[in-house]
>>> print(open('run26.cif').read())   # mmCIF, C-alpha atoms
data_my_file
loop_
_atom_site.label_atom_id
_atom_site.label_comp_id
_atom_site.auth_asym_id
_atom_site.auth_seq_id
_atom_site.Cartn_x
_atom_site.Cartn_y
_atom_site.Cartn_z
CA MET G 1 6.81 23.95 6.74
CA LYS G 2 5.16 21.68 4.17
CA SER G 3 2.03 20.19 5.74
CA ILE G 4 -0.17 17.54 4.16
CA LYS G 5 -2.95 15.24 5.35
CA LEU G 6 -2.35 11.49 5.18
CA ALA G 7 -5.23 9.04 5.59
CA PHE G 8 -6.19 5.36 5.50
CA PHE G 9 -9.53 3.56 5.37
CA GLN G 10 -9.55 0.04 6.83
CA TYR G 11 -12.77 -1.88 6.44
CA ALA G 12 -14.15 -5.38 5.79
CA VAL G 13 -13.67 -5.84 2.05
CA PHE G 14 -16.68 -7.39 0.30
CA HIS G 15 -15.77 -10.82 -1.08
CA HIS G 16 -15.67 -10.89 -4.90
CA SER G 17 -17.91 -7.82 -5.23
CA PRO G 18 -16.18 -4.78 -6.77
CA GLU G 19 -19.37 -2.74 -6.99
CA GLU G 20 -20.12 -3.16 -3.29
CA ASN G 21 -16.56 -2.19 -2.42
CA PHE G 22 -16.68 0.85 -4.69
CA GLU G 23 -19.94 2.07 -3.18
CA TYR G 24 -18.71 1.51 0.38
CA ILE G 25 -15.50 3.45 -0.21
CA ARG G 26 -17.42 6.18 -2.02
CA GLN G 27 -19.72 6.67 0.96
CA ALA G 28 -16.87 6.62 3.49
CA ALA G 29 -14.87 9.24 1.55
CA GLU G 30 -17.82 11.42 0.57
CA HIS G 31 -17.13 14.27 2.99
CA LYS G 32 -13.40 13.68 3.55
CA ARG G 33 -10.50 15.80 2.36
CA CYS G 34 -6.90 14.58 2.31
CA ASP G 35 -3.76 14.64 0.19
CA LEU G 36 -3.03 10.89 0.21
CA LEU G 37 -5.52 8.12 0.99
CA THR G 38 -4.41 4.49 1.33
CA LEU G 39 -6.83 1.56 0.89
CA PRO G 40 -6.27 -2.14 1.73
CA GLU G 41 -4.63 -4.77 -0.43
CA LEU G 42 -6.98 -6.18 -3.09
CA PHE G 43 -9.71 -3.81 -1.93
CA SER G 44 -11.81 -4.32 -5.05
CA CYS G 45 -12.28 -8.10 -4.85
CA GLY G 46 -10.96 -9.60 -1.63
CA TYR G 47 -8.09 -11.99 -0.98
CA ALA G 48 -9.45 -15.56 -1.15
CA PHE G 49 -9.70 -17.45 -4.47
CA GLN G 50 -10.29 -21.05 -5.41
CA ASP G 51 -7.89 -20.98 -8.34
CA LYS G 52 -6.19 -18.67 -10.81
CA LYS G 53 -9.14 -18.88 -13.20
CA GLN G 54 -11.43 -17.40 -10.56
CA LEU G 55 -8.94 -14.60 -9.86
CA ALA G 56 -8.65 -13.87 -13.58
CA GLY G 57 -12.28 -12.80 -13.59
CA PHE G 58 -11.26 -9.78 -11.48
CA ALA G 59 -7.93 -8.98 -13.15
CA GLU G 60 -7.77 -5.79 -15.22
CA GLN G 61 -5.49 -4.23 -17.78
CA LEU G 62 -4.54 -0.89 -16.28
CA GLU G 63 -5.09 1.04 -19.49
CA GLN G 64 -8.82 0.26 -19.35
CA SER G 65 -9.36 -0.45 -15.67
CA ARG G 66 -12.72 0.45 -14.18
CA THR G 67 -11.08 0.36 -10.74
CA VAL G 68 -8.58 3.03 -11.77
CA GLN G 69 -11.48 5.09 -13.12
CA PHE G 70 -13.29 4.68 -9.80
CA LEU G 71 -10.18 5.76 -7.85
CA GLN G 72 -9.92 8.78 -10.12
CA GLN G 73 -13.39 9.83 -8.94
CA ILE G 74 -12.42 9.30 -5.29
CA ALA G 75 -9.25 11.33 -5.79
CA ARG G 76 -11.28 14.15 -7.28
CA ASN G 77 -13.68 14.08 -4.31
CA ILE G 78 -11.00 14.08 -1.59
CA GLY G 79 -8.81 16.63 -3.38
CA GLY G 80 -5.72 14.42 -3.42
CA ALA G 81 -4.46 11.01 -4.53
CA VAL G 82 -5.43 7.47 -3.54
CA SER G 83 -3.63 4.14 -3.48
CA GLY G 84 -4.48 0.45 -3.00
CA THR G 85 -3.77 -2.82 -4.78
CA ILE G 86 -5.74 -4.58 -7.51
CA PRO G 87 -5.21 -7.70 -9.65
CA GLU G 88 -3.43 -6.50 -12.79
CA LEU G 89 -3.66 -8.52 -16.00
CA GLY G 90 -0.30 -8.54 -17.77
CA ARG G 91 0.30 -8.61 -21.51
CA ASN G 92 1.02 -12.34 -21.57
CA GLY G 93 -1.82 -13.37 -19.28
CA GLU G 94 0.15 -13.24 -16.04
CA ILE G 95 -1.54 -11.61 -13.04
CA TYR G 96 0.16 -9.23 -10.62
CA ASN G 97 -0.87 -7.91 -7.21
CA THR G 98 -0.32 -4.28 -8.16
CA ALA G 99 -0.42 -1.13 -6.10
CA VAL G 100 -1.79 1.81 -8.07
CA LEU G 101 -1.46 5.52 -7.30
CA VAL G 102 -4.24 7.62 -8.83
CA ASP G 103 -5.19 11.30 -8.75
CA LYS G 104 -7.95 13.30 -10.42
CA ASN G 105 -6.13 13.14 -13.75
CA GLY G 106 -5.71 9.37 -13.74
CA LEU G 107 -2.97 6.83 -13.08
CA ILE G 108 0.25 8.31 -11.64
CA GLY G 109 2.19 5.11 -11.12
CA THR G 110 2.15 1.39 -10.26
CA GLN G 111 4.18 -0.99 -8.12
CA ARG G 112 3.82 -4.76 -8.52
CA LYS G 113 4.16 -6.76 -5.31
CA ILE G 114 7.61 -8.33 -5.23
CA HIS G 115 7.50 -10.71 -2.26
CA LEU G 116 4.64 -13.19 -2.50
CA PRO G 117 3.65 -15.50 0.38
CA ASN G 118 3.22 -19.14 -0.61
CA TYR G 119 -0.55 -18.75 -0.91
CA GLU G 120 -0.22 -15.90 -3.43
CA LYS G 121 2.33 -17.77 -5.53
CA GLN G 122 -0.55 -19.97 -6.72
CA PHE G 123 -2.14 -16.98 -8.41
CA PHE G 124 0.23 -14.06 -8.90
CA SER G 125 3.53 -13.37 -10.62
CA PRO G 126 6.08 -11.27 -8.68
CA GLY G 127 7.12 -7.77 -9.69
CA ASP G 128 10.74 -7.03 -10.54
CA ASP G 129 11.10 -3.26 -10.31
CA ILE G 130 10.89 -0.53 -7.65
CA ASN G 131 9.92 3.07 -8.38
CA VAL G 132 8.70 6.19 -6.64
CA PHE G 133 6.29 8.76 -8.02
CA SER G 134 5.62 12.48 -7.64
CA VAL G 135 2.09 13.15 -6.51
CA THR G 136 0.46 15.73 -8.76
CA ASP G 137 0.09 19.29 -7.34
CA SER G 138 2.47 18.66 -4.44
CA GLY G 139 5.65 17.08 -5.81
CA ILE G 140 5.69 14.54 -2.96
CA LYS G 141 7.87 11.54 -3.79
CA THR G 142 5.85 8.46 -2.85
CA GLY G 143 6.68 4.75 -2.88
CA MET G 144 4.30 1.81 -2.51
CA MET G 145 4.87 -1.53 -0.79
CA THR G 146 2.33 -4.33 -0.43
CA CYS G 147 2.04 -6.26 2.85
CA PHE G 148 4.85 -8.88 2.84
CA ASP G 149 7.14 -6.49 0.93
CA SER G 150 7.54 -4.56 4.18
CA TRP G 151 9.34 -7.52 5.79
CA PHE G 152 12.35 -6.93 3.51
CA PRO G 153 14.39 -3.79 4.38
CA GLU G 154 15.80 -3.50 0.87
CA VAL G 155 12.44 -2.59 -0.68
CA ALA G 156 11.97 0.52 1.44
CA LEU G 157 15.67 1.39 1.23
CA ILE G 158 15.61 1.44 -2.58
CA MET G 159 12.55 3.71 -2.42
CA ARG G 160 14.35 6.00 0.00
CA ARG G 161 17.34 6.20 -2.32
CA LYS G 162 14.93 7.29 -5.02
CA LYS G 163 13.93 10.18 -2.70
CA ALA G 164 10.65 8.82 -1.37
CA GLY G 165 9.45 10.92 1.56
CA ILE G 166 6.35 8.78 2.09
CA ILE G 167 5.89 5.03 1.72
CA LEU G 168 2.38 3.59 1.45
CA ASN G 169 1.69 -0.02 2.47
CA SER G 170 -1.59 -1.71 1.49
CA ALA G 171 -2.07 -5.00 3.29
CA CYS G 172 -4.11 -8.11 4.15
CA PHE G 173 -2.74 -9.70 7.33
CA GLY G 174 -4.05 -11.33 10.47
CA GLY G 175 -0.98 -11.43 12.72
CA ASN G 176 0.90 -8.79 14.71
CA VAL G 177 4.32 -8.97 13.02
CA THR G 178 3.80 -6.44 10.21
CA PRO G 179 2.60 -3.64 12.56
CA GLN G 180 5.84 -4.12 14.52
CA ILE G 181 8.03 -4.05 11.40
CA LEU G 182 6.60 -0.89 9.84
CA PRO G 183 7.86 1.60 12.48
CA VAL G 184 11.34 0.15 11.91
CA ARG G 185 11.05 0.76 8.16
CA ALA G 186 10.06 4.37 8.90
CA ARG G 187 12.89 4.91 11.38
CA GLU G 188 15.71 3.32 9.42
CA ASN G 189 14.79 5.24 6.25
CA GLN G 190 13.55 8.47 7.90
CA THR G 191 10.34 8.42 5.88
CA PHE G 192 6.66 8.65 6.72
CA VAL G 193 4.86 5.32 6.41
CA VAL G 194 1.12 4.84 5.95
CA SER G 195 -0.14 1.29 6.39
CA CYS G 196 -3.71 0.24 5.58
CA ASN G 197 -4.74 -3.30 6.52
CA ARG G 198 -8.29 -4.62 6.24
CA VAL G 199 -10.63 -6.10 8.83
CA GLY G 200 -13.32 -8.78 8.61
CA SER G 201 -12.78 -12.34 7.39
CA GLU G 202 -12.83 -14.59 4.32
CA TRP G 203 -13.14 -18.33 3.86
CA PHE G 204 -10.20 -20.27 2.43
CA GLY G 205 -11.86 -23.58 1.66
CA GLU G 206 -13.26 -24.72 5.00
CA GLU G 207 -11.03 -22.43 7.07
CA GLU G 208 -12.01 -18.88 8.00
CA GLU G 209 -9.20 -16.30 8.06
CA HIS G 210 -9.59 -13.13 10.10
CA PHE G 211 -7.84 -9.85 9.30
CA CYS G 212 -6.79 -7.70 12.23
CA GLY G 213 -6.69 -4.08 11.03
CA MET G 214 -4.05 -2.23 13.10
CA SER G 215 -3.45 0.31 10.33
CA GLN G 216 -0.96 3.07 11.14
CA ILE G 217 0.47 6.44 10.17
CA ILE G 218 4.10 6.58 11.29
CA SER G 219 6.57 9.48 11.49
CA PRO G 220 10.19 9.36 10.22
CA ASP G 221 11.45 8.61 13.75
CA GLY G 222 9.18 5.57 14.06
CA ARG G 223 6.60 7.33 16.21
CA ILE G 224 3.06 6.08 15.62
CA ILE G 225 1.00 9.21 14.95
CA THR G 226 -2.34 7.50 14.32
CA SER G 227 -3.32 3.84 14.71
CA ALA G 228 -6.45 1.72 14.47
CA ASP G 229 -7.71 -1.37 16.26
CA ASN G 230 -9.58 -4.28 14.65
CA ARG G 231 -12.72 -2.33 13.73
CA GLU G 232 -13.59 -0.32 10.65
CA TRP G 233 -11.53 2.87 10.86
CA TRP G 234 -10.84 6.05 8.95
CA GLY G 235 -7.52 7.34 10.22
CA GLU G 236 -5.86 10.60 9.27
CA ALA G 237 -3.10 12.92 10.37
CA ASP G 238 -1.64 16.27 9.34
CA VAL G 239 2.12 15.85 8.98
CA ASP G 240 5.01 18.19 8.30
CA LEU G 241 7.10 16.77 5.45
CA ASP G 242 10.10 18.77 6.68
CA GLU G 243 10.01 16.97 10.05
CA LYS G 244 13.41 15.64 11.04
CA PRO G 245 13.77 12.68 13.39
CA ALA G 246 14.84 13.78 16.86
CA PHE G 247 17.43 11.01 17.03
CA SER G 248 19.30 11.77 13.83
CA SER G 249 21.62 14.55 15.00
CA LEU G 250 22.42 12.56 18.15
CA ILE G 251 23.64 9.56 16.16
CA CYS G 252 25.31 11.10 13.13
CA ARG G 253 25.02 14.22 11.00
CA ASP G 254 24.58 12.43 7.71
CA PHE G 255 22.40 9.32 7.68
CA GLU G 256 22.58 9.26 3.89
CA ALA G 257 26.36 8.81 3.93
CA GLU G 258 26.01 5.83 6.25
CA HIS G 259 23.40 4.25 3.97
CA GLN G 260 25.69 4.70 0.98
CA LYS G 261 28.20 2.29 2.51
CA TYR G 262 25.97 -0.53 1.24
CA LYS G 263 25.07 -1.46 -2.30
CA VAL G 264 21.44 -2.58 -2.57
CA THR G 265 19.94 -3.71 -5.85
CA LEU G 266 16.94 -5.71 -7.05
CA ASN G 267 17.90 -8.71 -9.18
CA ARG G 268 15.70 -9.38 -12.19
CA GLU G 269 15.20 -12.74 -13.82
CA ASP G 270 16.09 -12.88 -17.51
CA GLY G 271 13.10 -12.84 -19.81
#
>>> encode(input="run26.cif", output="structure tokens")
Amino acid sequence: MKSIKLAFFQYAVFHHSPEENFEYIRQAAEHKRCDLLTLPELFSCGYAFQDKKQLAGFAEQLEQSRTVQFLQQIARNIGGAVSGTIPELGRNGEIYNTAVLVDKNGLIGTQRKIHLPNYEKQFFSPGDDINVFSVTDSGIKTGMMTCFDSWFPEVALIMRRKKAGIILNSACFGGNVTPQILPVRARENQTFVVSCNRVGSEWFGEEEEHFCGMSQIISPDGRIITSADNREWWGEADVDLDEKPAFSSLICRDFEAEHQKYKVTLNREDG
């Protein structure tokens, strides 16, 4: 049996205040121990921006990112790895909503958000690649989705085909659709899923948007192991990575062979 501890921390992200967010996360994780911790989408700066210029003030090149350095400290303190999304500044000035996976030694891997809601298309460029990463000291294959990515089965399926046993989903949502979709992603791919949404609210012009929490840790058969409501919440669960879904032998002996009947690829735009 290969047991690890998965965790998420959903909280009300401080608007445009990385230092306040860093300190709040630091305090919450101070006495915690886990193998994989997931934070919300855009946890360092919040979700609402007036324009791309304002967002650019928070975008970072990953090679010299103070947020990655901060996550490295958190990873060292919890004894594992940590993930969440930050605004990444690309080489040509484009900005991506990028999930980062960091351990005590630094950046393990990144995943740029592929599917952007209309609001985000004003600010971010979409990613065009899908990868999974081995978490240092454990060899766990881990993939990362960001919020709306989870609505598209192909994203998780490509990660599964690359041997992901765990998929992390950082999010900023206010409705109840994504929490219903995520157990399906876990079940159809027979992977653990950890979702971390935020709570609180932000102002988009004159309209206030509320975020609903409802973060989850989900087993490979779609069973919700741990879930949160709409309050601040540290959720965690010890899971057995060798766990097999109870339904799989009843349906067919080889789920992988059934999946292989379909060709799934990610198209990339030229240039």
>>> resolve_selection(input="run26.cif", expression="the PyMOL selection byres ((chain G and resi 142) around 7)", output="count of residues only")
11
>>> resolve_selection(input="run26.cif", expression="the PyMOL selection byres ((chain G and resi 113) around 7)", output="VMD selection string")
chain G and resid 97 to 98 111 to 112 114 to 115 126 to 127 145 to 146 149
>>> atom_distance(input="run26.cif", atom1="atom CA of G:Glu94", atom2="atom CA of G:Arg66")
18.9 Å
>>> residues_around(input="run26.cif", residues="G:Lys53", least_positions_apart="2", cutoff="12 Å", atoms="all atoms listed in the file", output="list in words")
Phe49, Gln50, Asp51, Leu55, Ala56, Gly57, Phe58, Ala59, Gly93, Glu94, Ile95, Gln122, Phe123 and Phe124 of chain G
>>> atom_distance(input="run26.cif", atom1="atom CA of G:Val82", atom2="atom CA of G:Ile108")
9.9 Å
>>> residues_around(input="run26.cif", residues="G:Asp137", least_positions_apart="2", cutoff="12 Å", atoms="all atoms listed in the file", output="list in words")
Ile4, Asp35, Leu36, Gly79, Gly80, Ala81, Asp103, Lys104, Asn105, Ile108, Ser134, Val135, Gly139, Ile140 and Lys141 of chain G
>>> atom_distance(input="run26.cif", atom1="atom CA of G:Ser150", atom2="atom CA of G:Gly174")
14.8 Å
>>> residues_near_point(input="run26.cif", point="(-4.7, -8.5, 10.6)", cutoff="10 Å", atoms="all atoms listed in the file", output="list in words")
Ala171, Cys172, Phe173, Gly174, Gly175, Asn176, Val177, Thr178, Pro179, Asn197, Arg198, Val199, Gly200, Ser201, Glu209, His210, Phe211, Cys212, Gly213, Met214, Ser215, Asp229 and Asn230 of chain G
>>> closest_residue(input="run26.cif", among="G:Pro117, G:Leu157, G:Gln61, G:Glu41", to="G:Gln260", atoms="all atoms listed in the file")
G:Leu157
>>> resolve_selection(input="run26.cif", expression="the PyMOL selection byres ((chain G and resi 264) around 12)", output="list in words")
Ile130, Phe152, Pro153, Glu154, Val155, Ala156, Leu157, Ile158, Met159, Arg160, Arg161, His259, Gln260, Lys261, Tyr262, Lys263, Thr265, Leu266 and Asn267 of chain G
>>> residues_around(input="run26.cif", residues="G:Phe9", least_positions_apart="6", cutoff="9 Å", atoms="only C-alpha atoms", output="list of chain:residue names")
G:Ile25, G:Ala28, G:Ala29, G:Leu37, G:Thr38, G:Leu39, G:Pro40, G:Cys196, G:Asn197, G:Arg198, G:Ser215, G:Glu232, G:Trp233, G:Trp234, G:Gly235, G:Glu236
>>> write_last_selection(input="run26.cif", atoms="C-alpha atoms", output="compact mmCIF listing (two decimals), in the coordinates of the input")
# COMPACT_ATOMS: atom_id res chain seq x y z
CA ILE G 25 -15.50 3.45 -0.21
CA ALA G 28 -16.87 6.62 3.49
CA ALA G 29 -14.87 9.24 1.55
CA LEU G 37 -5.52 8.12 0.99
CA THR G 38 -4.41 4.49 1.33
CA LEU G 39 -6.83 1.56 0.89
CA PRO G 40 -6.27 -2.14 1.73
CA CYS G 196 -3.71 0.24 5.58
CA ASN G 197 -4.74 -3.30 6.52
CA ARG G 198 -8.29 -4.62 6.24
CA SER G 215 -3.45 0.31 10.33
CA GLU G 232 -13.59 -0.32 10.65
CA TRP G 233 -11.53 2.87 10.86
CA TRP G 234 -10.84 6.05 8.95
CA GLY G 235 -7.52 7.34 10.22
CA GLU G 236 -5.86 10.60 9.27
